[in-house]
file query_26.txt (compact mmCIF, C-alpha atoms)
# COMPACT_ATOMS: atom_id res chain seq x y z
CA MET A 1 0.00 0.00 0.00
CA GLU A 2 1.34 3.41 -0.93
CA LEU A 3 1.77 5.69 2.05
CA PRO A 4 1.13 9.43 2.07
CA PRO A 5 4.10 11.78 2.16
CA THR A 6 5.43 12.89 5.53
CA PRO A 7 3.54 15.93 6.82
CA ILE A 8 5.41 19.20 6.40
CA PHE A 9 4.76 20.19 9.99
CA LEU A 10 5.54 17.94 12.91
CA MET A 11 3.82 18.01 16.26
CA ALA A 12 7.02 19.01 18.06
CA ALA A 13 7.61 21.90 15.70
CA ARG A 14 4.03 23.04 16.18
CA PHE A 15 4.38 23.44 19.91
CA ASN A 16 7.79 25.12 19.66
CA SER A 17 6.63 27.77 17.19
CA SER A 18 6.67 31.15 18.92
CA GLU A 19 4.26 32.65 16.38
CA PHE A 20 1.86 29.76 16.88
CA THR A 21 2.07 30.16 20.65
CA GLU A 22 1.59 33.92 20.53
CA SER A 23 -1.50 33.64 18.32
CA LEU A 24 -3.10 31.05 20.57
CA THR A 25 -2.31 33.15 23.62
CA GLU A 26 -3.92 36.17 21.97
CA LEU A 27 -6.98 34.09 21.12
CA GLU A 28 -7.24 32.83 24.67
CA ASN A 29 -7.02 36.40 25.96
CA LEU A 30 -9.91 37.41 23.70
CA LEU A 31 -12.02 34.51 24.94
CA ASN A 32 -11.23 35.42 28.52
CA GLN A 33 -12.37 38.98 27.84
CA ALA A 34 -15.60 37.69 26.30
CA ARG A 35 -16.16 35.40 29.28
CA SER A 36 -15.63 38.29 31.68
CA LYS A 37 -18.11 40.43 29.75
CA GLN A 38 -20.69 37.65 29.88
CA ALA A 39 -20.22 37.25 33.62
CA GLY A 40 -20.73 40.97 34.09
CA ILE A 41 -23.96 40.92 32.07
CA LEU A 42 -25.42 38.10 34.13
CA ASP A 43 -24.27 39.57 37.44
CA SER A 44 -25.91 42.89 36.57
CA ARG A 45 -29.16 41.10 35.85
CA VAL A 46 -29.04 39.39 39.22
CA ARG A 47 -28.43 42.72 40.95
CA SER A 48 -31.25 44.43 39.09
CA SER A 49 -33.77 41.61 39.52
CA GLY A 50 -34.70 42.70 43.04
CA LYS A 51 -36.83 40.06 44.74
CA ARG A 52 -37.47 38.17 41.54
CA VAL A 53 -35.66 34.83 41.45
CA GLN A 54 -33.04 34.80 38.73
CA THR A 55 -33.07 31.24 37.39
CA CYS A 56 -29.95 31.71 35.29
CA THR A 57 -26.73 32.85 36.89
CA TYR A 58 -23.13 32.64 35.79
CA GLU A 59 -22.58 29.59 37.99
CA LYS A 60 -25.40 27.68 36.26
CA LEU A 61 -24.27 28.20 32.68
CA THR A 62 -23.85 25.26 30.40
CA VAL A 63 -20.17 24.85 29.51
CA ARG A 64 -19.09 23.69 26.08
CA ARG A 65 -15.60 22.28 25.85
CA GLU A 66 -12.92 21.78 23.25
CA TRP A 67 -12.73 18.15 22.12
CA GLY A 68 -9.16 17.71 23.33
CA SER A 69 -10.11 18.70 26.88
CA LEU A 70 -12.70 15.92 27.16
CA SER A 71 -11.76 12.65 28.81
CA LYS A 72 -11.82 9.46 26.75
CA LYS A 73 -15.03 8.47 28.50
CA GLU A 74 -16.65 11.79 27.61
CA ARG A 75 -15.57 11.58 23.99
CA LYS A 76 -16.92 8.06 23.63
CA ALA A 77 -20.21 9.09 25.23
CA TYR A 78 -20.57 11.74 22.55
CA THR A 79 -19.74 9.49 19.59
CA ASP A 80 -21.97 6.73 20.99
CA ALA A 81 -24.85 9.22 21.04
CA VAL A 82 -24.17 10.21 17.41
CA LEU A 83 -24.16 6.54 16.41
CA CYS A 84 -27.44 6.14 18.29
CA LEU A 85 -28.96 9.03 16.32
CA GLN A 86 -27.88 7.33 13.10
CA LYS A 87 -29.90 4.26 14.08
CA LEU A 88 -33.14 6.01 14.96
CA PRO A 89 -35.75 6.26 12.17
CA ALA A 90 -36.10 9.47 10.21
CA LYS A 91 -38.98 11.86 10.86
CA THR A 92 -38.64 13.62 7.50
CA PRO A 93 -41.43 12.41 5.16
CA ALA A 94 -40.23 10.32 2.21
CA SER A 95 -42.29 12.60 -0.02
CA LEU A 96 -39.97 15.47 0.96
CA VAL A 97 -36.59 13.72 1.16
CA PRO A 98 -36.82 10.11 -0.10
CA GLY A 99 -33.26 9.28 0.94
CA ALA A 100 -33.51 10.18 4.63
CA ARG A 101 -33.09 7.01 6.67
CA SER A 102 -32.35 8.21 10.21
CA ARG A 103 -32.83 11.01 12.73
CA TYR A 104 -29.28 11.98 11.84
CA ASP A 105 -30.41 12.38 8.22
CA ASP A 106 -33.20 14.71 9.36
CA PHE A 107 -30.50 17.26 10.17
CA VAL A 108 -28.68 16.75 6.87
CA ALA A 109 -32.00 17.15 5.03
CA ALA A 110 -32.84 20.38 6.86
CA HIS A 111 -29.49 21.86 5.88
CA LEU A 112 -29.70 20.58 2.31
CA ASN A 113 -33.14 22.08 1.71
CA GLN A 114 -32.18 25.51 3.04
CA THR A 115 -28.55 25.89 1.95
CA LEU A 116 -29.15 28.87 -0.33
CA LYS A 117 -31.09 30.66 2.43
CA ILE A 118 -28.56 30.13 5.24
CA HIS A 119 -25.18 30.95 3.68
CA TYR A 120 -24.13 34.48 2.73
CA THR A 121 -27.47 35.61 4.14
CA GLY A 122 -28.68 37.51 7.19
CA THR A 123 -29.50 34.27 9.01
CA PHE A 124 -26.18 32.48 8.46
CA LEU A 125 -24.96 32.72 12.04
CA ALA A 126 -28.31 32.46 13.82
CA TRP A 127 -29.57 29.52 11.78
CA HIS A 128 -26.42 27.49 12.42
CA ARG A 129 -26.46 28.47 16.10
CA TRP A 130 -29.94 27.06 16.52
CA PHE A 131 -29.15 24.06 14.30
CA THR A 132 -26.14 23.08 16.42
CA TYR A 133 -28.04 23.62 19.66
CA THR A 134 -30.96 21.52 18.43
CA TYR A 135 -28.57 18.74 17.41
CA GLU A 136 -27.02 18.85 20.88
CA GLN A 137 -30.43 18.66 22.54
CA THR A 138 -31.52 15.81 20.27
CA LEU A 139 -28.47 13.81 21.32
CA ARG A 140 -29.42 14.47 24.94
CA ASN A 141 -33.17 13.91 24.67
CA GLU A 142 -33.29 11.00 22.23
CA CYS A 143 -29.98 9.20 22.79
CA GLY A 144 -29.25 9.71 26.49
CA TYR A 145 -26.20 11.93 26.06
CA THR A 146 -25.50 13.86 29.26
CA GLY A 147 -22.82 16.22 28.00
CA TYR A 148 -22.95 19.22 25.68
CA GLN A 149 -21.78 19.90 22.15
CA PRO A 150 -17.96 19.96 22.01
CA TYR A 151 -16.10 22.16 19.56
CA TRP A 152 -13.00 21.98 17.38
CA ASN A 153 -10.55 24.82 17.89
CA TRP A 154 -9.10 24.90 14.38
CA GLY A 155 -6.16 27.04 15.46
CA LEU A 156 -5.01 24.60 18.11
CA TYR A 157 -4.23 21.85 15.60
CA ALA A 158 -3.74 23.91 12.43
CA GLU A 159 -0.31 22.54 11.67
CA ASP A 160 -1.20 18.85 12.07
CA PRO A 161 -4.95 18.19 12.23
CA THR A 162 -4.65 14.45 11.58
CA SER A 163 -2.62 14.01 14.76
CA SER A 164 -5.16 15.89 16.84
CA PRO A 165 -7.45 13.99 19.21
CA ILE A 166 -10.29 14.91 16.85
CA PHE A 167 -8.94 13.16 13.74
CA ASP A 168 -6.28 10.73 15.00
CA GLY A 169 -8.53 7.73 14.30
CA THR A 170 -8.57 6.27 17.81
CA PRO A 171 -11.81 4.95 19.35
CA TYR A 172 -11.98 8.27 21.23
CA SER A 173 -11.75 10.49 18.15
CA MET A 174 -14.26 11.67 15.56
CA SER A 175 -12.62 9.05 13.30
CA GLY A 176 -9.53 9.58 11.21
CA ASN A 177 -8.64 10.61 7.69
CA GLY A 178 -9.74 8.76 4.60
CA ALA A 179 -7.52 6.17 2.97
CA TYR A 180 -4.69 7.80 1.05
CA ILE A 181 -5.29 8.37 -2.66
CA PRO A 182 -2.13 9.58 -4.48
CA ASN A 183 -1.74 12.13 -7.24
CA LYS A 184 -4.76 14.23 -6.42
CA GLY A 185 -4.96 17.72 -7.87
CA PRO A 186 -6.20 20.76 -5.96
CA LEU A 187 -9.80 21.19 -4.97
CA VAL A 188 -11.29 23.94 -7.15
CA ILE A 189 -13.91 26.16 -5.52
CA THR A 190 -15.97 28.72 -7.41
CA VAL A 191 -18.56 31.11 -5.97
CA SER A 192 -21.00 33.06 -8.16
CA GLY A 193 -18.71 33.49 -11.14
CA ASP A 194 -15.70 34.76 -9.16
CA PRO A 195 -12.22 33.51 -10.10
CA PRO A 196 -11.67 29.92 -8.90
CA ILE A 197 -9.90 29.22 -5.61
CA TYR A 198 -7.43 26.35 -5.71
CA LEU A 199 -7.19 24.51 -2.40
CA PRO A 200 -4.35 22.08 -1.62
CA PRO A 201 -5.40 18.43 -1.38
CA GLY A 202 -5.06 16.47 1.82
CA ASN A 203 -3.39 13.17 2.60
CA GLY A 204 -6.54 11.09 2.40
CA GLY A 205 -9.43 11.12 -0.03
CA GLY A 206 -10.77 7.60 0.41
CA CYS A 207 -13.10 5.93 2.87
CA VAL A 208 -12.55 6.53 6.58
CA THR A 209 -11.11 3.30 8.00
CA SER A 210 -10.61 4.02 11.70
CA GLY A 211 -12.50 5.33 14.68
CA PRO A 212 -16.17 5.31 15.65
CA PHE A 213 -17.50 6.23 12.19
CA LYS A 214 -15.44 3.85 10.04
CA ASP A 215 -18.57 1.87 9.15
CA MET A 216 -20.88 4.85 8.80
CA VAL A 217 -23.21 4.92 5.79
CA VAL A 218 -23.77 8.34 4.25
CA SER A 219 -27.29 8.55 2.83
CA LEU A 220 -27.86 11.92 1.15
CA GLY A 221 -26.07 13.87 -1.58
CA PRO A 222 -24.15 14.86 -3.47
CA VAL A 223 -25.64 18.17 -4.57
CA ASN A 224 -22.57 20.21 -5.45
CA LEU A 225 -19.45 18.20 -4.63
CA PRO A 226 -16.10 19.52 -5.90
CA ILE A 227 -13.57 16.78 -6.61
CA ASN A 228 -9.83 16.97 -7.06
CA ASN A 229 -9.72 16.77 -10.86
CA GLY A 230 -11.37 20.18 -11.07
CA SER A 231 -14.86 18.94 -11.84
CA THR A 232 -18.00 18.91 -9.71
CA VAL A 233 -20.49 16.12 -9.07
CA THR A 234 -24.03 17.46 -8.95
CA GLY A 235 -27.49 16.10 -8.19
CA SER A 236 -30.61 16.73 -6.15
CA GLY A 237 -29.08 15.05 -3.10
CA LEU A 238 -32.52 13.95 -1.95
CA ASP A 239 -32.46 10.31 -3.03
CA TYR A 240 -30.93 7.45 -1.08
CA ASN A 241 -27.30 7.12 -2.09
CA PRO A 242 -25.55 4.81 0.42
CA ARG A 243 -21.77 5.17 0.51
CA CYS A 244 -18.86 5.33 2.93
CA LEU A 245 -17.75 8.43 4.78
CA ARG A 246 -14.79 9.89 2.90
CA ARG A 247 -12.32 12.50 4.16
CA ASP A 248 -9.30 14.28 2.72
CA ILE A 249 -7.97 16.19 5.72
CA SER A 250 -5.69 18.98 4.55
CA VAL A 251 -3.04 20.61 6.71
CA GLY A 252 -2.51 23.14 3.93
CA ILE A 253 -6.09 24.41 4.18
CA ASN A 254 -6.18 24.36 7.98
CA SER A 255 -2.91 26.25 8.37
CA ALA A 256 -3.77 28.79 5.65
CA TYR A 257 -7.38 29.67 6.45
CA ALA A 258 -8.33 28.43 9.91
CA ASN A 259 -5.28 29.20 12.03
CA ALA A 260 -5.27 31.11 15.32
CA THR A 261 -4.18 34.36 13.68
CA SER A 262 -7.12 34.17 11.28
CA ILE A 263 -9.52 33.76 14.20
CA VAL A 264 -8.01 36.65 16.15
CA ASN A 265 -8.06 38.95 13.12
CA LEU A 266 -11.65 38.04 12.37
CA ILE A 267 -12.75 39.03 15.87
CA GLN A 268 -10.60 42.16 16.21
CA GLN A 269 -10.69 43.69 12.74
CA ASN A 270 -14.41 43.58 11.93
CA ASN A 271 -16.55 45.95 13.95
CA ASN A 272 -19.89 45.42 12.25
CA ILE A 273 -21.87 42.25 11.62
CA ALA A 274 -21.85 42.63 7.83
CA ASP A 275 -18.06 42.57 7.65
CA PHE A 276 -17.72 39.98 10.40
CA GLN A 277 -19.92 37.35 8.80
CA GLN A 278 -18.66 38.09 5.28
CA VAL A 279 -14.99 37.71 6.26
CA MET A 280 -15.87 34.59 8.27
CA GLN A 281 -17.37 32.97 5.16
CA GLY A 282 -14.81 34.38 2.73
CA VAL A 283 -15.33 37.67 0.89
CA PRO A 284 -16.36 36.79 -2.69
CA GLY A 285 -13.59 37.59 -5.15
CA SER A 286 -10.94 37.94 -2.44
CA GLY A 287 -9.46 34.47 -2.88
CA SER A 288 -10.21 33.63 0.76
CA ILE A 289 -12.63 30.99 2.03
CA GLY A 290 -12.56 32.39 5.57
CA VAL A 291 -12.42 30.33 8.74
CA HIS A 292 -15.82 28.87 7.90
CA GLY A 293 -14.66 27.46 4.60
CA GLY A 294 -11.28 26.71 6.17
CA GLY A 295 -12.80 24.28 8.64
CA HIS A 296 -15.12 22.63 6.14
CA TYR A 297 -12.49 22.09 3.48
CA THR A 298 -9.90 20.96 6.00
CA ILE A 299 -12.22 17.96 6.48
CA GLY A 300 -13.02 17.75 2.77
CA GLY A 301 -14.07 14.47 1.23
CA ASN A 302 -17.62 13.31 0.69
CA PRO A 303 -19.96 14.65 1.99
CA GLY A 304 -17.76 17.15 3.89
CA ALA A 305 -16.75 19.22 0.84
CA ASP A 306 -20.35 19.55 -0.39
CA VAL A 307 -21.81 22.67 1.23
CA TYR A 308 -25.35 21.32 0.93
CA VAL A 309 -24.84 18.01 2.74
CA SER A 310 -21.74 18.79 4.80
CA PRO A 311 -23.61 17.88 8.05
CA GLY A 312 -23.39 14.31 6.74
CA ASP A 313 -19.91 14.24 8.29
CA PRO A 314 -20.25 14.17 12.11
CA ALA A 315 -17.27 16.52 12.45
CA PHE A 316 -19.53 19.26 11.03
CA TYR A 317 -21.00 19.91 14.47
CA LEU A 318 -17.60 20.36 16.14
CA HIS A 319 -16.70 22.79 13.37
CA HIS A 320 -19.89 24.80 13.83
CA GLY A 321 -19.43 24.69 17.58
CA MET A 322 -16.27 26.69 16.94
CA ILE A 323 -18.04 28.99 14.46
CA ASP A 324 -20.50 29.76 17.21
CA LEU A 325 -17.76 30.27 19.79
CA VAL A 326 -16.18 32.91 17.54
CA TRP A 327 -19.53 34.67 17.07
CA TRP A 328 -20.23 34.44 20.81
CA ALA A 329 -16.86 36.04 21.55
CA TRP A 330 -17.40 38.80 18.99
CA GLN A 331 -20.88 39.55 20.37
CA SER A 332 -19.75 39.49 24.00
CA LEU A 333 -16.88 41.93 23.47
CA ASP A 334 -19.33 44.70 22.54
CA TYR A 335 -22.60 43.25 23.73
CA LYS A 336 -24.62 46.46 23.75
CA ASN A 337 -24.00 47.13 20.06
CA ARG A 338 -23.69 43.55 18.80
CA ARG A 339 -26.45 41.75 20.67
CA ASN A 340 -29.04 42.39 17.94
CA ALA A 341 -26.67 43.15 15.06
CA ILE A 342 -27.98 41.76 11.79
CA SER A 343 -27.19 42.30 8.12
CA GLY A 344 -28.03 40.62 4.85
CA THR A 345 -30.99 39.35 2.90
CA GLY A 346 -32.75 36.00 2.71
CA THR A 347 -30.92 34.62 -0.33
CA PHE A 348 -27.35 33.55 -1.10
CA LEU A 349 -25.42 36.75 -1.92
CA ASN A 350 -28.85 38.30 -2.51
CA SER A 351 -29.39 36.21 -5.62
CA PRO A 352 -32.17 36.39 -6.54
CA PRO A 353 -32.81 39.72 -4.78
CA SER A 354 -34.82 39.34 -1.58
CA PRO A 355 -35.89 41.50 1.39
CA ASN A 356 -33.44 42.31 4.17
CA THR A 357 -33.39 39.85 7.04
CA THR A 358 -34.98 41.16 10.22
CA LEU A 359 -35.05 40.00 13.81
CA ASP A 360 -38.63 38.84 13.26
CA ASP A 361 -37.76 36.37 10.50
CA ILE A 362 -38.49 32.74 11.28
CA VAL A 363 -35.66 30.24 11.56
CA ASP A 364 -37.03 26.89 10.45
CA LEU A 365 -35.23 23.57 11.00
CA GLY A 366 -37.95 21.46 9.43
CA TYR A 367 -38.17 17.94 10.78
CA ALA A 368 -34.83 18.13 12.56
CA ASP A 369 -36.42 20.14 15.35
CA LEU A 370 -39.67 18.48 16.39
CA ALA A 371 -39.87 19.99 19.86
CA TRP A 372 -39.41 23.58 18.70
CA TRP A 373 -40.26 23.22 15.02
CA ARG A 374 -39.94 26.98 14.51
CA TYR A 375 -38.70 29.80 16.64
CA TRP A 376 -38.56 33.56 16.43
CA ALA A 377 -35.13 34.99 15.81
CA ARG A 378 -35.93 38.11 17.85
CA SER A 379 -36.31 36.26 21.13
CA GLN A 380 -33.74 33.55 20.51
CA ALA A 381 -30.87 33.62 18.07
CA TYR A 382 -29.76 37.22 18.16
CA GLN A 383 -30.44 38.04 21.78
CA SER A 384 -27.74 35.82 23.06
CA VAL A 385 -28.53 36.12 26.76
CA ASN A 386 -32.28 36.67 26.43
CA ARG A 387 -34.25 34.84 29.10
CA ASP A 388 -37.72 35.52 27.72
CA ARG A 389 -38.44 32.03 26.49
CA TYR A 390 -36.42 29.67 28.70
CA ASN A 391 -36.28 28.94 32.41
CA SER A 392 -32.99 27.07 32.49
CA CYS A 393 -29.39 27.73 31.59
CA ASP A 394 -29.07 25.15 28.83
CA ALA A 395 -30.21 27.53 26.08
CA ARG A 396 -27.70 27.60 23.26
CA TYR A 397 -27.00 31.27 23.58
CA LEU A 398 -26.19 31.03 27.29
CA VAL A 399 -23.18 28.81 26.82
CA GLU A 400 -19.84 29.64 28.35
CA TYR A 401 -16.95 28.14 26.45
CA GLU A 402 -14.44 26.48 28.71
CA LYS A 403 -11.42 28.46 29.73
CA GLY A 404 -8.44 27.03 27.83
CA SER A 405 -5.84 27.61 30.51
CA ASN A 406 -3.29 25.40 28.77
CA LEU A 407 -4.26 25.69 25.12
CA VAL A 408 -0.72 25.52 23.80
CA ASP A 409 0.30 22.63 26.02
CA MET A 410 -2.87 20.61 25.58
CA THR A 411 -2.08 16.96 24.96
CA HIS A 412 -4.15 13.90 24.14
CA ASN A 413 -5.76 12.27 27.17

call {"tool": "encode", "arguments": {"input": "query_26.txt", "output": "structure tokens"}}
result
Amino acid sequence: MELPPTPIFLMAARFNSSEFTESLTELENLLNQARSKQAGILDSRVRSSGKRVQTCTYEKLTVRREWGSLSKKERKAYTDAVLCLQKLPAKTPASLVPGARSRYDDFVAAHLNQTLKIHYTGTFLAWHRWFTYTYEQTLRNECGYTGYQPYWNWGLYAEDPTSSPIFDGTPYSMSGNGAYIPNKGPLVITVSGDPPIYLPPGNGGGCVTSGPFKDMVVSLGPVNLPINNGSTVTGSGLDYNPRCLRRDISVGINSAYANATSIVNLIQQNNNIADFQQVMQGVPGSGSIGVHGGGHYTIGGNPGADVYVSPGDPAFYLHHGMIDLVWWAWQSLDYKNRRNAISGTGTFLNSPPSPNTTLDDIVDLGYADLAWWRYWARSQAYQSVNRDRYNSCDARYLVEYEKGSNLVDMTHN
């Protein structure tokens, strides 16, 4: 069997890099500032509540944690719950999505059917926030998971993602890379007629052969899947199309687009929501895919590289946990001005032209979210510490991300 070339960056070099360390330290400082701001907001509410009982305090917040900080037992509990969800029957009607076979597929179907309304639109961040929260709650309510949605700090492992505890292929990972396929060309990405972006291939490309999801069957897609010879596989994505989970994890993409410096710059250099979410997704025509595209295309493969059905790879939810962490941090750092900040229309890059998104627009998860089939953005997604609709601290927007006191020195456990 032909082996992939030796990675350019080694783990030892990664941890000895002063620039790498400085960027992670700067990121941690930003997150600490955001955490402090959030604590102040909640404390002020307690002080101003008078005799009314404040059901949510800083001490009661749900805490989401980076995958590498979870114990092996906690990681396995999470992947066992995902496998459970993949065995439960779908709720999506066959008349709507004939290929949906499981509760897990309900989430893929919801994303597939709304892709052009939830990317480069005014609901991009809020829709994915609620989507990830609903997935977390479904794991808890339907599969007995007792933890919360972990996240993938792209910057932490940017120079060697396949050796990270997320993708190292152990039983306590999110499964490893795909089998190595040699001589792959770059992945070619085009958006709305802009010049193509050429992304470096990874050291995989084939079926995932290790970890909890090595036997996973992907049901839906492709819809718009770029492949390494420069072409694209297209289809409706709605029919049943059983196949293995494929990945092509790319250190080149991770280190170029989703490194710690990219995250810090995104938070610090964009003062309004329009710029923030556009830079996060990649400004069209700039040649950048942003940290959002950086995470997705680091995973690559099938369905991971297909924007429509990318939730078909379980690592999607760790990626969007980090997307939400970055938005949470950005909001918290200037909460008064950013709490309700919104910009954009209801269609992908406003094509076709559509009305501006407002805080009263409905965020609809279809059959993925049976308990709260629809919710109002005004009282949920944008008001990130709004207590109007919930009586507990497990609401998605009341999450505190765990303090990473030893981000640079974090090791596998």

call {"tool": "residues_around", "arguments": {"input": "query_26.txt", "residues": "Asn113 of chain A", "least_positions_apart": "2", "cutoff": "10 Å", "atoms": "all atoms listed in the file", "output": "JSON list (two decimals) with C-alpha atoms, in the coordinates of the input"}}
result
[["chain", "number", "residue", "atom", "x", "y", "z"],
["A", 96, "LEU", "CA", -39.97, 15.47, 0.96],
["A", 97, "VAL", "CA", -36.59, 13.72, 1.16],
["A", 108, "VAL", "CA", -28.68, 16.75, 6.87],
["A", 109, "ALA", "CA", -32.00, 17.15, 5.03],
["A", 110, "ALA", "CA", -32.84, 20.38, 6.86],
["A", 111, "HIS", "CA", -29.49, 21.86, 5.88],
["A", 115, "THR", "CA", -28.55, 25.89, 1.95],
["A", 116, "LEU", "CA", -29.15, 28.87, -0.33],
["A", 117, "LYS", "CA", -31.09, 30.66, 2.43],
["A", 118, "ILE", "CA", -28.56, 30.13, 5.24],
["A", 236, "SER", "CA", -30.61, 16.73, -6.15],
["A", 237, "GLY", "CA", -29.08, 15.05, -3.10],
["A", 238, "LEU", "CA", -32.52, 13.95, -1.95],
["A", 308, "TYR", "CA", -25.35, 21.32, 0.93],
["A", 309, "VAL", "CA", -24.84, 18.01, 2.74],
["A", 365, "LEU", "CA", -35.23, 23.57, 11.00],
["A", 366, "GLY", "CA", -37.95, 21.46, 9.43]]

call {"tool": "residues_around", "arguments": {"input": "query_26.txt", "residues": "Asn241 of chain A", "least_positions_apart": "2", "cutoff": "9 Å", "atoms": "all atoms listed in the file", "output": "list in words"}}
result
Gly99, Val218, Ser219, Leu220, Gly221, Pro222, Gly237, Leu238, Asp239 and Arg243 of chain A

call {"tool": "closest_residue", "arguments": {"input": "query_26.txt", "among": "A:Pro284, A:Ile197, A:Ile267, A:Arg338", "to": "Asn29 of chain A", "atoms": "all atoms listed in the file"}}
result
A:Ile267

call {"tool": "closest_residue", "arguments": {"input": "query_26.txt", "among": "A:Ser210, A:Ala260, A:Leu85, A:His119", "to": "Gln137 of chain A", "atoms": "only C-alpha atoms"}}
result
A:Leu85

call {"tool": "closest_residue", "arguments": {"input": "query_26.txt", "among": "A:Ser173, A:Ser49, A:Asn153, A:Ser36", "to": "Lys73 of chain A", "atoms": "all atoms listed in the file"}}
result
A:Ser173

call {"tool": "atom_distance", "arguments": {"input": "query_26.txt", "atom1": "atom CA of Pro201 of chain A", "atom2": "atom CA of Ile253 of chain A"}}
result
8.2 Å

call {"tool": "residues_around", "arguments": {"input": "query_26.txt", "residues": "Gly205 of chain A", "least_positions_apart": "4", "cutoff": "8 Å", "atoms": "only C-alpha atoms", "output": "ChimeraX atom specification"}}
result
/A:177-181,246-249,301

call {"tool": "closest_residue", "arguments": {"input": "query_26.txt", "among": "A:Ser288, A:Ser164, A:Tyr401, A:Tyr367", "to": "Thr92 of chain A", "atoms": "all atoms listed in the file"}}
result
A:Tyr367

call {"tool": "residues_around", "arguments": {"input": "query_26.txt", "residues": "Ile166 of chain A", "least_positions_apart": "3", "cutoff": "12 Å", "atoms": "only C-alpha atoms", "output": "ChimeraX atom specification"}}
result
/A:66-70,72,75-76,79,150-154,156-158,160-163,169-177,211-212,249,299,314-316,318-319,411-413

call {"tool": "closest_residue", "arguments": {"input": "query_26.txt", "among": "A:Arg65, A:Lys214, A:Arg101, A:Lys87", "to": "Gly147 of chain A", "atoms": "only C-alpha atoms"}}
result
A:Arg65

call {"tool": "closest_residue", "arguments": {"input": "query_26.txt", "among": "A:Val251, A:Gly295, A:Leu125, A:Cys207", "to": "Phe276 of chain A", "atoms": "only C-alpha atoms"}}
result
A:Leu125

call {"tool": "atom_distance", "arguments": {"input": "query_26.txt", "atom1": "atom CA of Tyr58 of chain A", "atom2": "atom CA of Ser71 of chain A"}}
result
24.0 Å

call {"tool": "atom_distance", "arguments": {"input": "query_26.txt", "atom1": "atom CA of Tyr257 of chain A", "atom2": "atom CA of Thr132 of chain A"}}
result
22.2 Å

call {"tool": "axis_aligned_box", "arguments": {"input": "query_26.txt", "around": "segment 227-231 of chain A", "padding_each_side": "6 Å", "output": "JSON"}}
result
{"center_x": -12.3, "center_y": 18.5, "center_z": -9.2, "size_x": 17.1, "size_y": 15.4, "size_z": 17.2}

call {"tool": "decode", "arguments": {"input": "query_26.txt", "residues": "segment 270-283 of chain A", "atoms": "N, CA and C atoms", "output": "JSON list (two decimals), in the first residue's frame"}}
result
[["chain", "number", "residue", "atom", "x", "y", "z"],
["A", 270, "ASN", "N", -13.11, 43.39, 12.56],
["A", 270, "ASN", "CA", -14.41, 43.58, 11.93],
["A", 270, "ASN", "C", -15.41, 44.06, 12.97],
["A", 271, "ASN", "N", -15.75, 45.33, 12.90],
["A", 271, "ASN", "CA", -16.55, 45.95, 13.95],
["A", 271, "ASN", "C", -18.05, 45.91, 13.71],
["A", 272, "ASN", "N", -18.46, 45.53, 12.50],
["A", 272, "ASN", "CA", -19.89, 45.42, 12.25],
["A", 272, "ASN", "C", -20.22, 44.03, 11.76],
["A", 273, "ILE", "N", -21.47, 43.62, 11.90],
["A", 273, "ILE", "CA", -21.87, 42.25, 11.62],
["A", 273, "ILE", "C", -21.74, 41.91, 10.14],
["A", 274, "ALA", "N", -21.96, 42.90, 9.26],
["A", 274, "ALA", "CA", -21.85, 42.63, 7.83],
["A", 274, "ALA", "C", -20.45, 42.18, 7.47],
["A", 275, "ASP", "N", -19.45, 42.94, 7.94],
["A", 275, "ASP", "CA", -18.06, 42.57, 7.65],
["A", 275, "ASP", "C", -17.68, 41.28, 8.36],
["A", 276, "PHE", "N", -18.10, 41.15, 9.61],
["A", 276, "PHE", "CA", -17.72, 39.98, 10.40],
["A", 276, "PHE", "C", -18.17, 38.69, 9.72],
["A", 277, "GLN", "N", -19.44, 38.60, 9.36],
["A", 277, "GLN", "CA", -19.92, 37.35, 8.80],
["A", 277, "GLN", "C", -19.44, 37.13, 7.36],
["A", 278, "GLN", "N", -19.17, 38.23, 6.64],
["A", 278, "GLN", "CA", -18.66, 38.09, 5.28],
["A", 278, "GLN", "C", -17.22, 37.58, 5.30],
["A", 279, "VAL", "N", -16.39, 38.16, 6.16],
["A", 279, "VAL", "CA", -14.99, 37.71, 6.26],
["A", 279, "VAL", "C", -14.94, 36.28, 6.81],
["A", 280, "MET", "N", -15.82, 35.95, 7.73],
["A", 280, "MET", "CA", -15.87, 34.59, 8.27],
["A", 280, "MET", "C", -16.14, 33.57, 7.17],
["A", 281, "GLN", "N", -17.01, 33.91, 6.23],
["A", 281, "GLN", "CA", -17.37, 32.97, 5.16],
["A", 281, "GLN", "C", -16.44, 33.06, 3.96],
["A", 282, "GLY", "N", -15.67, 34.16, 3.88],
["A", 282, "GLY", "CA", -14.81, 34.38, 2.73],
["A", 282, "GLY", "C", -15.41, 35.43, 1.82],
["A", 283, "VAL", "N", -14.80, 36.60, 1.73],
["A", 283, "VAL", "CA", -15.33, 37.67, 0.89],
["A", 283, "VAL", "C", -15.25, 37.25, -0.57]]
